[in-house]
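Listing of my_file.txt; format and content: compact mmCIF, C-alpha atoms and all ligand atoms.
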# COMPACT_ATOMS: atom_id res chain seq x y z
CA MET A 1 65.29 -20.26 -273.20
CA LYS A 2 66.36 -20.89 -269.63
CA GLU A 3 68.83 -23.72 -269.06
CA ILE A 4 67.89 -26.73 -266.96
CA SER A 5 69.69 -29.71 -265.42
CA ILE A 6 68.12 -33.13 -265.06
CA PHE A 7 69.14 -35.10 -261.97
CA GLY A 8 69.10 -38.84 -262.67
CA GLY A 9 70.31 -40.58 -265.82
CA GLY A 10 67.86 -43.49 -265.92
CA ALA A 11 65.16 -44.30 -268.44
CA HIS A 12 62.76 -41.69 -267.07
CA ALA A 13 65.23 -38.97 -268.12
CA LYS A 14 64.29 -39.68 -271.76
CA VAL A 15 60.65 -39.03 -271.02
CA LEU A 16 61.51 -35.80 -269.22
CA ILE A 17 63.79 -34.60 -272.02
CA ASP A 18 60.95 -35.16 -274.47
CA CYS A 19 58.48 -33.36 -272.22
CA LEU A 20 60.80 -30.39 -271.68
CA GLN A 21 61.64 -30.14 -275.39
CA GLN A 22 57.98 -30.18 -276.37
CA GLU A 23 57.07 -27.64 -273.73
CA ALA A 24 59.89 -25.45 -275.10
CA ARG A 25 60.31 -23.28 -272.01
CA TYR A 26 63.66 -24.75 -270.96
CA GLU A 27 66.76 -26.01 -272.72
CA VAL A 28 68.21 -29.18 -271.22
CA THR A 29 71.95 -28.56 -270.79
CA THR A 30 73.09 -31.27 -268.40
CA ILE A 31 72.09 -34.68 -267.12
CA LEU A 32 73.75 -35.51 -263.81
CA ASP A 33 73.93 -38.85 -262.05
CA ASP A 34 75.94 -39.94 -259.02
CA HIS A 35 76.44 -43.41 -260.59
CA PRO A 36 75.88 -43.09 -264.34
CA ALA A 37 74.75 -46.40 -265.88
CA VAL A 38 75.05 -45.14 -269.46
CA PRO A 39 77.33 -42.44 -270.96
CA HIS A 40 74.62 -40.78 -273.05
CA ILE A 41 70.86 -40.38 -273.12
CA MET A 42 69.57 -39.31 -276.51
CA ASN A 43 72.15 -36.67 -277.52
CA TYR A 44 73.08 -35.69 -273.99
CA GLU A 45 76.12 -36.75 -272.03
CA VAL A 46 75.39 -38.11 -268.55
CA SER A 47 77.90 -36.44 -266.20
CA LYS A 48 79.01 -38.02 -262.96
CA ARG A 49 78.30 -35.53 -260.17
CA ASN A 50 77.22 -35.81 -256.59
CA TYR A 51 73.70 -34.64 -255.95
CA THR A 52 75.08 -32.92 -252.85
CA ASP A 53 77.20 -30.46 -254.87
CA ALA A 54 76.02 -26.85 -254.76
CA TYR A 55 73.37 -26.16 -257.37
CA GLU A 56 72.00 -22.96 -255.85
CA ASN A 57 69.73 -20.99 -258.20
CA GLN A 58 70.04 -23.51 -261.05
CA SER A 59 66.83 -24.70 -262.66
CA ALA A 60 66.49 -28.44 -262.23
CA ILE A 61 64.12 -31.39 -262.21
CA ILE A 62 64.57 -34.91 -260.83
CA SER A 63 64.07 -37.82 -263.21
CA ILE A 64 64.03 -40.65 -260.67
CA THR A 65 60.70 -42.43 -260.26
CA ASN A 66 61.29 -43.69 -256.69
CA GLY A 67 59.70 -41.04 -254.45
CA PHE A 68 62.03 -41.62 -251.51
CA ILE A 69 65.09 -41.06 -253.70
CA ARG A 70 63.50 -37.91 -255.17
CA LYS A 71 62.87 -36.74 -251.62
CA LYS A 72 66.44 -37.44 -250.52
CA ILE A 73 67.94 -35.60 -253.49
CA ALA A 74 65.55 -32.64 -253.26
CA SER A 75 65.95 -32.12 -249.54
CA GLY A 76 69.67 -31.32 -249.75
CA LEU A 77 69.51 -28.86 -252.64
CA LEU A 78 68.68 -25.18 -253.12
CA CYS A 79 67.79 -25.51 -256.81
CA ASP A 80 64.95 -23.79 -258.54
CA PHE A 81 62.93 -26.96 -259.08
CA ILE A 82 60.61 -26.32 -262.00
CA THR A 83 57.25 -27.80 -262.94
CA THR A 84 56.78 -29.26 -266.41
CA VAL A 85 53.49 -29.93 -268.19
CA HIS A 86 53.51 -31.76 -271.53
CA PRO A 87 51.59 -29.78 -274.17
CA THR A 88 49.19 -32.71 -274.71
CA ALA A 89 48.26 -32.85 -271.02
CA ILE A 90 45.04 -31.14 -269.94
CA VAL A 91 45.37 -29.33 -266.64
CA SER A 92 42.46 -27.26 -265.34
CA PRO A 93 43.35 -23.67 -264.43
CA TYR A 94 41.78 -24.47 -261.04
CA VAL A 95 44.53 -26.93 -260.14
CA ARG A 96 47.51 -26.29 -257.85
CA LEU A 97 50.75 -27.90 -259.01
CA GLY A 98 53.80 -28.02 -256.72
CA PHE A 99 57.37 -27.38 -257.78
CA GLY A 100 59.42 -30.21 -259.29
CA THR A 101 56.20 -31.86 -260.48
CA GLN A 102 55.87 -33.46 -263.91
CA ILE A 103 52.57 -33.80 -265.78
CA LEU A 104 53.39 -36.06 -268.71
CA ALA A 105 51.88 -36.69 -272.14
CA GLY A 106 48.12 -37.13 -272.29
CA ALA A 107 47.53 -36.79 -268.54
CA ILE A 108 44.41 -35.00 -267.33
CA VAL A 109 44.21 -33.15 -264.02
CA ASN A 110 40.72 -31.92 -263.30
CA THR A 111 39.45 -28.88 -261.48
CA GLY A 112 40.17 -28.40 -257.78
CA ALA A 113 42.93 -31.02 -257.62
CA LYS A 114 46.05 -30.24 -255.60
CA ILE A 115 49.26 -31.97 -256.66
CA GLY A 116 52.23 -31.62 -254.28
CA ASN A 117 55.92 -31.07 -254.93
CA HIS A 118 58.10 -33.47 -256.97
CA CYS A 119 55.16 -35.62 -258.08
CA ILE A 120 55.06 -37.57 -261.34
CA VAL A 121 51.70 -37.77 -263.09
CA ASN A 122 52.73 -40.22 -265.76
CA THR A 123 51.53 -40.78 -269.32
CA GLY A 124 47.76 -40.89 -269.80
CA THR A 125 46.85 -40.74 -266.12
CA VAL A 126 43.63 -39.08 -264.96
CA VAL A 127 43.47 -37.22 -261.65
CA GLU A 128 39.87 -36.26 -261.07
CA HIS A 129 38.45 -33.16 -259.40
CA ASP A 130 39.41 -32.24 -255.83
CA CYS A 131 42.05 -34.94 -255.36
CA VAL A 132 44.88 -34.15 -252.95
CA ILE A 133 48.13 -35.77 -254.05
CA SER A 134 50.99 -35.35 -251.55
CA ASP A 135 54.67 -34.68 -252.26
CA PHE A 136 56.85 -37.27 -254.06
CA VAL A 137 53.91 -39.38 -255.28
CA HIS A 138 54.24 -41.28 -258.57
CA LEU A 139 51.07 -42.05 -260.49
CA ALA A 140 52.30 -44.56 -263.09
CA PRO A 141 50.94 -44.52 -266.66
CA SER A 142 47.19 -44.96 -267.26
CA THR A 143 46.06 -44.77 -263.66
CA SER A 144 42.66 -43.27 -262.83
CA ILE A 145 42.16 -41.46 -259.54
CA GLY A 146 38.53 -40.73 -258.69
CA GLY A 147 37.33 -37.36 -257.43
CA GLY A 148 38.18 -36.29 -253.88
CA THR A 149 40.75 -39.03 -253.29
CA LYS A 150 43.77 -38.31 -251.08
CA ILE A 151 47.16 -39.96 -251.57
CA GLY A 152 49.98 -39.76 -249.00
CA ALA A 153 53.62 -38.81 -249.55
CA CYS A 154 56.01 -41.07 -251.51
CA THR A 155 53.23 -43.44 -252.54
CA GLN A 156 53.28 -45.12 -255.95
CA ILE A 157 50.11 -46.08 -257.80
CA GLY A 158 50.97 -48.90 -260.24
CA ILE A 159 50.38 -48.86 -263.95
CA GLY A 160 46.71 -49.16 -264.96
CA ALA A 161 45.38 -49.06 -261.39
CA SER A 162 42.07 -47.36 -260.60
CA VAL A 163 41.01 -45.71 -257.37
CA ILE A 164 37.35 -44.86 -256.80
CA GLN A 165 36.23 -41.48 -255.49
CA ASN A 166 36.80 -40.18 -251.95
CA ILE A 167 39.36 -42.83 -250.96
CA THR A 168 42.35 -42.15 -248.68
CA ILE A 169 45.58 -43.98 -249.54
CA GLY A 170 48.36 -43.57 -246.97
CA ALA A 171 52.00 -42.56 -247.26
CA ASN A 172 54.74 -45.00 -248.36
CA VAL A 173 52.22 -47.24 -250.13
CA ILE A 174 52.68 -49.23 -253.33
CA ILE A 175 49.49 -50.02 -255.20
CA GLY A 176 50.08 -52.89 -257.63
CA ALA A 177 49.63 -52.69 -261.37
CA GLY A 178 45.99 -53.06 -262.40
CA ALA A 179 44.61 -52.86 -258.87
CA VAL A 180 41.15 -51.46 -258.18
CA VAL A 181 41.11 -49.56 -254.90
CA ILE A 182 37.64 -49.35 -253.36
CA THR A 183 38.52 -48.98 -249.65
CA ASP A 184 41.00 -46.81 -247.77
CA ILE A 185 44.58 -48.17 -247.71
CA PRO A 186 46.76 -47.57 -244.60
CA ASP A 187 50.31 -46.14 -244.55
CA ASN A 188 53.40 -48.28 -245.23
CA CYS A 189 52.03 -51.20 -247.23
CA THR A 190 51.80 -52.82 -250.65
CA ALA A 191 48.24 -53.50 -251.80
CA VAL A 192 47.27 -55.44 -254.92
CA GLY A 193 44.30 -56.97 -256.65
CA VAL A 194 40.65 -56.35 -257.37
CA PRO A 195 39.56 -55.14 -254.91
CA ALA A 196 42.98 -54.02 -253.63
CA LYS A 197 44.08 -55.40 -250.26
CA PRO A 198 47.40 -55.02 -248.39
CA ILE A 199 49.69 -58.02 -248.92
CA LYS A 200 52.73 -56.71 -247.05
CA PHE A 201 53.70 -53.91 -244.66
CA HIS A 202 56.92 -51.87 -244.88
CA ASP A 203 58.97 -50.06 -242.29
CA PRO A 204 58.09 -46.36 -242.19
CA GLN A 205 60.80 -44.28 -243.96
C1 LIG B 301 56.81 -45.70 -267.43
C2 LIG B 301 56.78 -46.94 -266.53
O1 LIG B 301 57.04 -48.03 -266.93
S1 LIG B 301 56.33 -46.69 -264.89
C3 LIG B 301 56.44 -48.28 -264.13
C4 LIG B 301 55.09 -48.80 -263.79
N1 LIG B 301 55.30 -50.05 -263.03
C5 LIG B 301 54.42 -50.47 -262.15
O2 LIG B 301 53.37 -49.87 -261.98
C6 LIG B 301 54.82 -51.69 -261.37
C7 LIG B 301 53.89 -51.96 -260.20
N2 LIG B 301 54.41 -53.08 -259.45
C8 LIG B 301 53.71 -54.19 -259.18
O3 LIG B 301 52.54 -54.35 -259.56
C9 LIG B 301 54.48 -55.22 -258.36
O4 LIG B 301 54.10 -56.49 -258.79
C10 LIG B 301 54.24 -55.02 -256.83
C11 LIG B 301 55.06 -53.80 -256.41
C12 LIG B 301 52.79 -54.80 -256.49
C13 LIG B 301 54.68 -56.25 -256.03
O5 LIG B 301 56.04 -56.48 -256.18
P1 LIG B 301 56.79 -57.34 -255.06
O6 LIG B 301 56.74 -56.58 -253.76
O7 LIG B 301 58.14 -57.66 -255.61
O8 LIG B 301 55.89 -58.61 -254.83
P2 LIG B 301 55.95 -60.05 -255.54
O9 LIG B 301 56.26 -59.93 -257.00
O10 LIG B 301 56.82 -60.91 -254.70
O11 LIG B 301 54.43 -60.55 -255.43
C14 LIG B 301 53.85 -60.89 -254.21
C15 LIG B 301 52.51 -61.54 -254.50
O12 LIG B 301 51.63 -60.53 -255.03
C16 LIG B 301 51.18 -60.91 -256.35
N3 LIG B 301 51.17 -59.69 -257.17
C17 LIG B 301 52.23 -58.90 -257.44
N4 LIG B 301 51.83 -57.85 -258.17
C18 LIG B 301 50.51 -57.99 -258.35
C19 LIG B 301 49.56 -57.20 -259.03
N5 LIG B 301 49.90 -56.07 -259.64
N6 LIG B 301 48.27 -57.61 -259.01
C20 LIG B 301 47.92 -58.77 -258.39
N7 LIG B 301 48.80 -59.55 -257.72
C21 LIG B 301 50.08 -59.16 -257.71
C22 LIG B 301 52.20 -61.93 -256.85
O13 LIG B 301 51.64 -62.78 -257.82
C23 LIG B 301 52.56 -62.65 -255.56
O14 LIG B 301 51.53 -63.54 -255.25
P3 LIG B 301 51.86 -64.97 -254.56
O15 LIG B 301 52.47 -64.63 -253.21
O16 LIG B 301 50.51 -65.61 -254.46
O17 LIG B 301 52.80 -65.64 -255.47
Could I get this file's structure written as C-alpha cells?
Ligand SMILES: CC(=O)SCCNC(=O)CCNC(=O)[C@H](O)C(C)(C)COP(=O)(O)OP(=O)(O)OC[C@H]1O[C@@H](n2cnc3c(N)ncnc32)[C@H](O)[C@@H]1OP(=O)(O)O
Amino acid sequence: MKEISIFGGGAHAKVLIDCLQQEARYEVTTILDDHPAVPHIMNYEVSKRNYTDAYENQSAIISITNGFIRKKIASGLLCDFITTVHPTAIVSPYVRLGFGTQILAGAIVNTGAKIGNHCIVNTGTVVEHDCVISDFVHLAPSTSIGGGTKIGACTQIGIGASVIQNITIGANVIIGAGAVVITDIPDNCTAVGVPAKPIKFHDPQ
C-alpha cells in the first residue's frame, strides 16, 4: 500500500483516517500539524511540521475543514494530493472528482456532477446530477444539493441544509445549518434560514 501523510491534526483527521483505512488503498504514516493541539490521534502521533516544508512527490490529503486554510496549505505544496472515497459512498462513474477531494461515508454523488479539488463531501450528503462544486468547498454532513446547482470556491454548506435544483451559490459563502436555499446566493456572505437569506457580508478573500 502506498504511504500517505495527513496535513492537519484536528478532529476531521479521525474521519479521514477511518475513510482511508476502509478504502485500503493508502497507509497513513504521518499526521502533520504546524500547531499540534493533541499529541496523538487514534494510534498516530501528530508531528509538528511546517506546511511549507518540501513534500514533493509525497501522497497527502488535507484534513482541515476551513476551505481557505485548505487552499493556503495546498497552494504552497507540490504533493500528490489524492482523492478518497469511502466504500459506503455511492459515486456515479459519470462524475468528475478533483484531487485532494474527500467523499465520506454514505455520501451520494449522482451522474454528471463535477466536484473540484480539495472539496469535502461530508457524511451522508447528497450531490445530485449535474451539480458543479468548485474547489475547496465543504458540504457538511447530511446536506442535499439539488440537480444542476453551482457552488463557488471555498463555500461551506452547513449541516442539514438543502439547496433546490439549478441554484447558484457564490464563492466565500457560509450557508447556515438547516437552511433551505431556494434563490441564488451572492458571493461573500452568510445566509441562514428557511428560505435562506444573507444576514451578513464578508470581505472577499
Ligand atoms: C462533522 C461536522 O461536525 S461538520 C460541522 C458542521 N457545522 C455546521 O454546519 C455549522 C454551520 N454554522 C452555522 O449554522 C452558524 O450558526 C452560522 C455560520 C450560520 C452563523 O454563525 P455566526 O456568524 O457566528 O452568527 P451568529 O451565531 O452570531 O448568529 C447570527 C444570527 O443568525 C442566527 N442564526 C445563526 N445560525 C443560524 C442557522 N443555522 N439558522 C437560522 N438562524 C441562524 C442567530 O440566531 C443570530 O440571530 P439574531 O441576530 O437574531 O440573534
Selection as a list of chain:residue names: residues within 8 Å of ligand LIG 301 (chain B) by only C-alpha atoms and all ligand atoms: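 Using only C-alpha atoms and all ligand atoms, everything at most 8 Å from ligand LIG 301 (chain B) comes to A:His12, A:Thr65, A:Asn122, A:Thr123, A:Ala140, A:Pro141, A:Gln156, A:Ile157, A:Gly158, A:Ile159, A:Gly160, A:Ile174, A:Ile175, A:Gly176, A:Ala177, A:Gly178, A:Ala179, A:Thr190, A:Ala191, A:Val192, A:Gly193, A:Val194, A:Ile199, A:Lys200.
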Between atom CA of Gly146 of chain A and atom CA of Val85 of chain A, distance in Å (one decimal): 20.8 Å
Report the closest atom pair, with its distance in Å rounded to one decimal, for each residue of segment 51-89 of chain A that has an atom no farther than 10 Å from segment 100-106 of chain A; count only C-alpha atoms, sort by chain and then rising residue number, and write it as CSV.
residue,atom,partner,partner_atom,distance
A:Ser59,CA,A:Gly100,CA,9.8
A:Ala60,CA,A:Gly100,CA,7.9
A:Ile61,CA,A:Gly100,CA,5.7
A:Ile62,CA,A:Gly100,CA,7.1
A:Ser63,CA,A:Gln102,CA,9.3
A:Arg70,CA,A:Gly100,CA,9.6
A:Ala74,CA,A:Gly100,CA,8.9
A:Cys79,CA,A:Gly100,CA,9.9
A:Asp80,CA,A:Gly100,CA,8.5
A:Phe81,CA,A:Gly100,CA,4.8
A:Ile82,CA,A:Gly100,CA,4.9
A:Thr83,CA,A:Thr101,CA,4.9
A:Thr84,CA,A:Gln102,CA,5.0
A:Val85,CA,A:Ile103,CA,4.7
A:His86,CA,A:Leu104,CA,5.1
A:Pro87,CA,A:Ala105,CA,7.2
A:Thr88,CA,A:Gly106,CA,5.2
A:Ala89,CA,A:Gly106,CA,4.5
Neighbours of point (69.6, -45.8, -264.9) within 9 Å, using all atoms listed in the file, written as a list in words: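 Checking each residue against the 9 Å limit leaves Gly8, Gly9, Gly10, Ala11, His12, Ala13, Asp33, His35, Pro36, Ala37, Val38 and Ile64 of chain A.
Of the listed residues A:Ile31, A:Leu78, A:Val121, A:Val180, the one whose atoms come nearest to Lys48 of chain A is A:Ile31, with distances taken using all atoms listed in the file.
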Residue with smallest distance to Asn57 of chain A - pool A:Cys189, A:Ser5, A:Tyr94, A:Glu23, counting all atoms listed in the file: A:Ser5
Point (59.3, -39.3, -250.4) neighbourhood (7 Å, only C-alpha atoms) written as a PyMOL selection string: chain A and resi 67-71+135-136+153-154
Who sits within 9 Å of Thr149 of chain A, all atoms listed in the file, same chain under 3 positions skipped, as a PyMOL selection string: chain A and resi 127-133+145-146+163-169
Two-atom distance - atom CA of Ile4 of chain A, atom CA of His138 of chain A (Å): 21.6 Å
Atom CA of Ser142 of chain A to atom CA of Ala113 of chain A, straight-line distance in Å: 17.5 Å
Among listed residues A:Asn117, A:Thr111, A:Asn66, A:Thr125, nearest Gly147 of chain A (using all atoms listed in the file):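 Comparing A:Asn117, A:Thr111, A:Asn66, A:Thr125 against Gly147 of chain A, the winner is A:Thr111.
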Counting all atoms listed in the file, the residue of A:Gly148, A:Thr29, A:Ser134, A:Lys14 that sits nearest Gly112 of chain A: A:Gly148
Selection near segment 202-204 of chain A, 9 Å with only C-alpha atoms, sequence-local residues under 4 positions removed, as a PDB file with C-alpha atoms, in the coordinates of the input:
ATOM      1  CA  ALA A 171      52.000 -42.560-247.260  1.00  0.00           C
ATOM      2  CA  ASN A 172      54.740 -45.000-248.360  1.00  0.00           C
ATOM      3  CA  VAL A 173      52.220 -47.240-250.130  1.00  0.00           C
ATOM      4  CA  ASP A 187      50.310 -46.140-244.550  1.00  0.00           C
ATOM      5  CA  ASN A 188      53.400 -48.280-245.230  1.00  0.00           C
ATOM      6  CA  CYS A 189      52.030 -51.200-247.230  1.00  0.00           C
ATOM      7  CA  THR A 190      51.800 -52.820-250.650  1.00  0.00           C
TER       8      THR A 190
END
Counting only C-alpha atoms, the option among A:Ser92, A:Thr52, A:Gln22, A:Thr183 closest to Gly170 of chain A: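 Nearest candidate to Gly170 of chain A out of A:Ser92, A:Thr52, A:Gln22, A:Thr183: A:Thr183.
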Where is the centre and how long are the edges: axis-aligned box on segment 162-170 of chain A, 5 Å on each side, Å to one decimal, as JSON:
{"center_x": 42.3, "center_y": -43.8, "center_z": -253.8, "size_x": 22.1, "size_y": 17.2, "size_z": 23.6}
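With only C-alpha atoms as the atoms that count, the minimum distance from Phe7 of chain A to the choices A:Thr143, A:Gln205, A:Asn43, A:Asn50 is reached by A:Asn50.
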Because some atoms of segment 17-36 of chain A are absent here, can you restore N, CA, C and O atoms and send them as a short mmCIF file (atom, residue, chain, number, x, y, z; two decimals), in the coordinates of the input?
data_model
loop_
_atom_site.label_atom_id
_atom_site.label_comp_id
_atom_site.auth_asym_id
_atom_site.auth_seq_id
_atom_site.Cartn_x
_atom_site.Cartn_y
_atom_site.Cartn_z
N ILE A 17 63.18 -35.40 -270.94
CA ILE A 17 63.79 -34.60 -272.02
C ILE A 17 62.73 -34.29 -273.08
O ILE A 17 62.57 -33.16 -273.52
N ASP A 18 61.99 -35.34 -273.46
CA ASP A 18 60.95 -35.16 -274.47
C ASP A 18 59.92 -34.14 -274.01
O ASP A 18 59.54 -33.23 -274.76
N CYS A 19 59.48 -34.27 -272.77
CA CYS A 19 58.48 -33.36 -272.22
C CYS A 19 59.00 -31.92 -272.23
O CYS A 19 58.32 -30.99 -272.68
N LEU A 20 60.23 -31.75 -271.76
CA LEU A 20 60.80 -30.39 -271.68
C LEU A 20 61.02 -29.80 -273.08
O LEU A 20 60.77 -28.62 -273.31
N GLN A 21 61.44 -30.65 -274.02
CA GLN A 21 61.64 -30.14 -275.39
C GLN A 21 60.31 -29.70 -275.99
O GLN A 21 60.20 -28.66 -276.62
N GLN A 22 59.27 -30.51 -275.77
CA GLN A 22 57.98 -30.18 -276.37
C GLN A 22 57.37 -28.95 -275.71
O GLN A 22 56.69 -28.17 -276.36
N GLU A 23 57.62 -28.81 -274.41
CA GLU A 23 57.07 -27.64 -273.73
C GLU A 23 57.81 -26.36 -274.15
O GLU A 23 57.24 -25.28 -274.14
N ALA A 24 59.09 -26.54 -274.53
CA ALA A 24 59.89 -25.45 -275.10
C ALA A 24 60.01 -24.21 -274.21
O ALA A 24 60.09 -23.09 -274.70
N ARG A 25 60.03 -24.41 -272.90
CA ARG A 25 60.31 -23.28 -272.01
C ARG A 25 61.75 -23.33 -271.51
O ARG A 25 62.30 -22.34 -271.07
N TYR A 26 62.32 -24.55 -271.50
CA TYR A 26 63.66 -24.75 -270.96
C TYR A 26 64.51 -25.52 -271.95
O TYR A 26 63.99 -26.36 -272.69
N GLU A 27 65.81 -25.24 -271.90
CA GLU A 27 66.76 -26.01 -272.72
C GLU A 27 67.55 -26.93 -271.79
O GLU A 27 68.22 -26.45 -270.86
N VAL A 28 67.46 -28.23 -272.04
CA VAL A 28 68.21 -29.18 -271.22
C VAL A 28 69.69 -29.03 -271.55
O VAL A 28 70.09 -29.14 -272.71
N THR A 29 70.51 -28.73 -270.54
CA THR A 29 71.95 -28.56 -270.79
C THR A 29 72.76 -29.69 -270.19
O THR A 29 73.81 -30.05 -270.72
N THR A 30 72.30 -30.23 -269.05
CA THR A 30 73.09 -31.27 -268.40
C THR A 30 72.20 -32.34 -267.81
O THR A 30 71.10 -32.05 -267.31
N ILE A 31 72.71 -33.57 -267.85
CA ILE A 31 72.09 -34.68 -267.12
C ILE A 31 73.15 -35.15 -266.13
O ILE A 31 74.29 -35.46 -266.53
N LEU A 32 72.79 -35.16 -264.87
CA LEU A 32 73.75 -35.51 -263.81
C LEU A 32 73.30 -36.79 -263.13
O LEU A 32 72.11 -37.02 -262.95
N ASP A 33 74.26 -37.61 -262.77
CA ASP A 33 73.93 -38.85 -262.05
C ASP A 33 75.10 -39.17 -261.13
O ASP A 33 76.27 -39.01 -261.54
N ASP A 34 74.83 -39.62 -259.91
CA ASP A 34 75.94 -39.94 -259.02
C ASP A 34 76.61 -41.26 -259.40
O ASP A 34 77.78 -41.48 -259.11
N HIS A 35 75.87 -42.15 -260.08
CA HIS A 35 76.44 -43.41 -260.59
C HIS A 35 75.90 -43.65 -262.00
O HIS A 35 74.99 -44.48 -262.17
N PRO A 36 76.44 -42.95 -262.99
CA PRO A 36 75.88 -43.09 -264.34
C PRO A 36 75.93 -44.54 -264.84
O PRO A 36 76.98 -45.18 -264.75
#
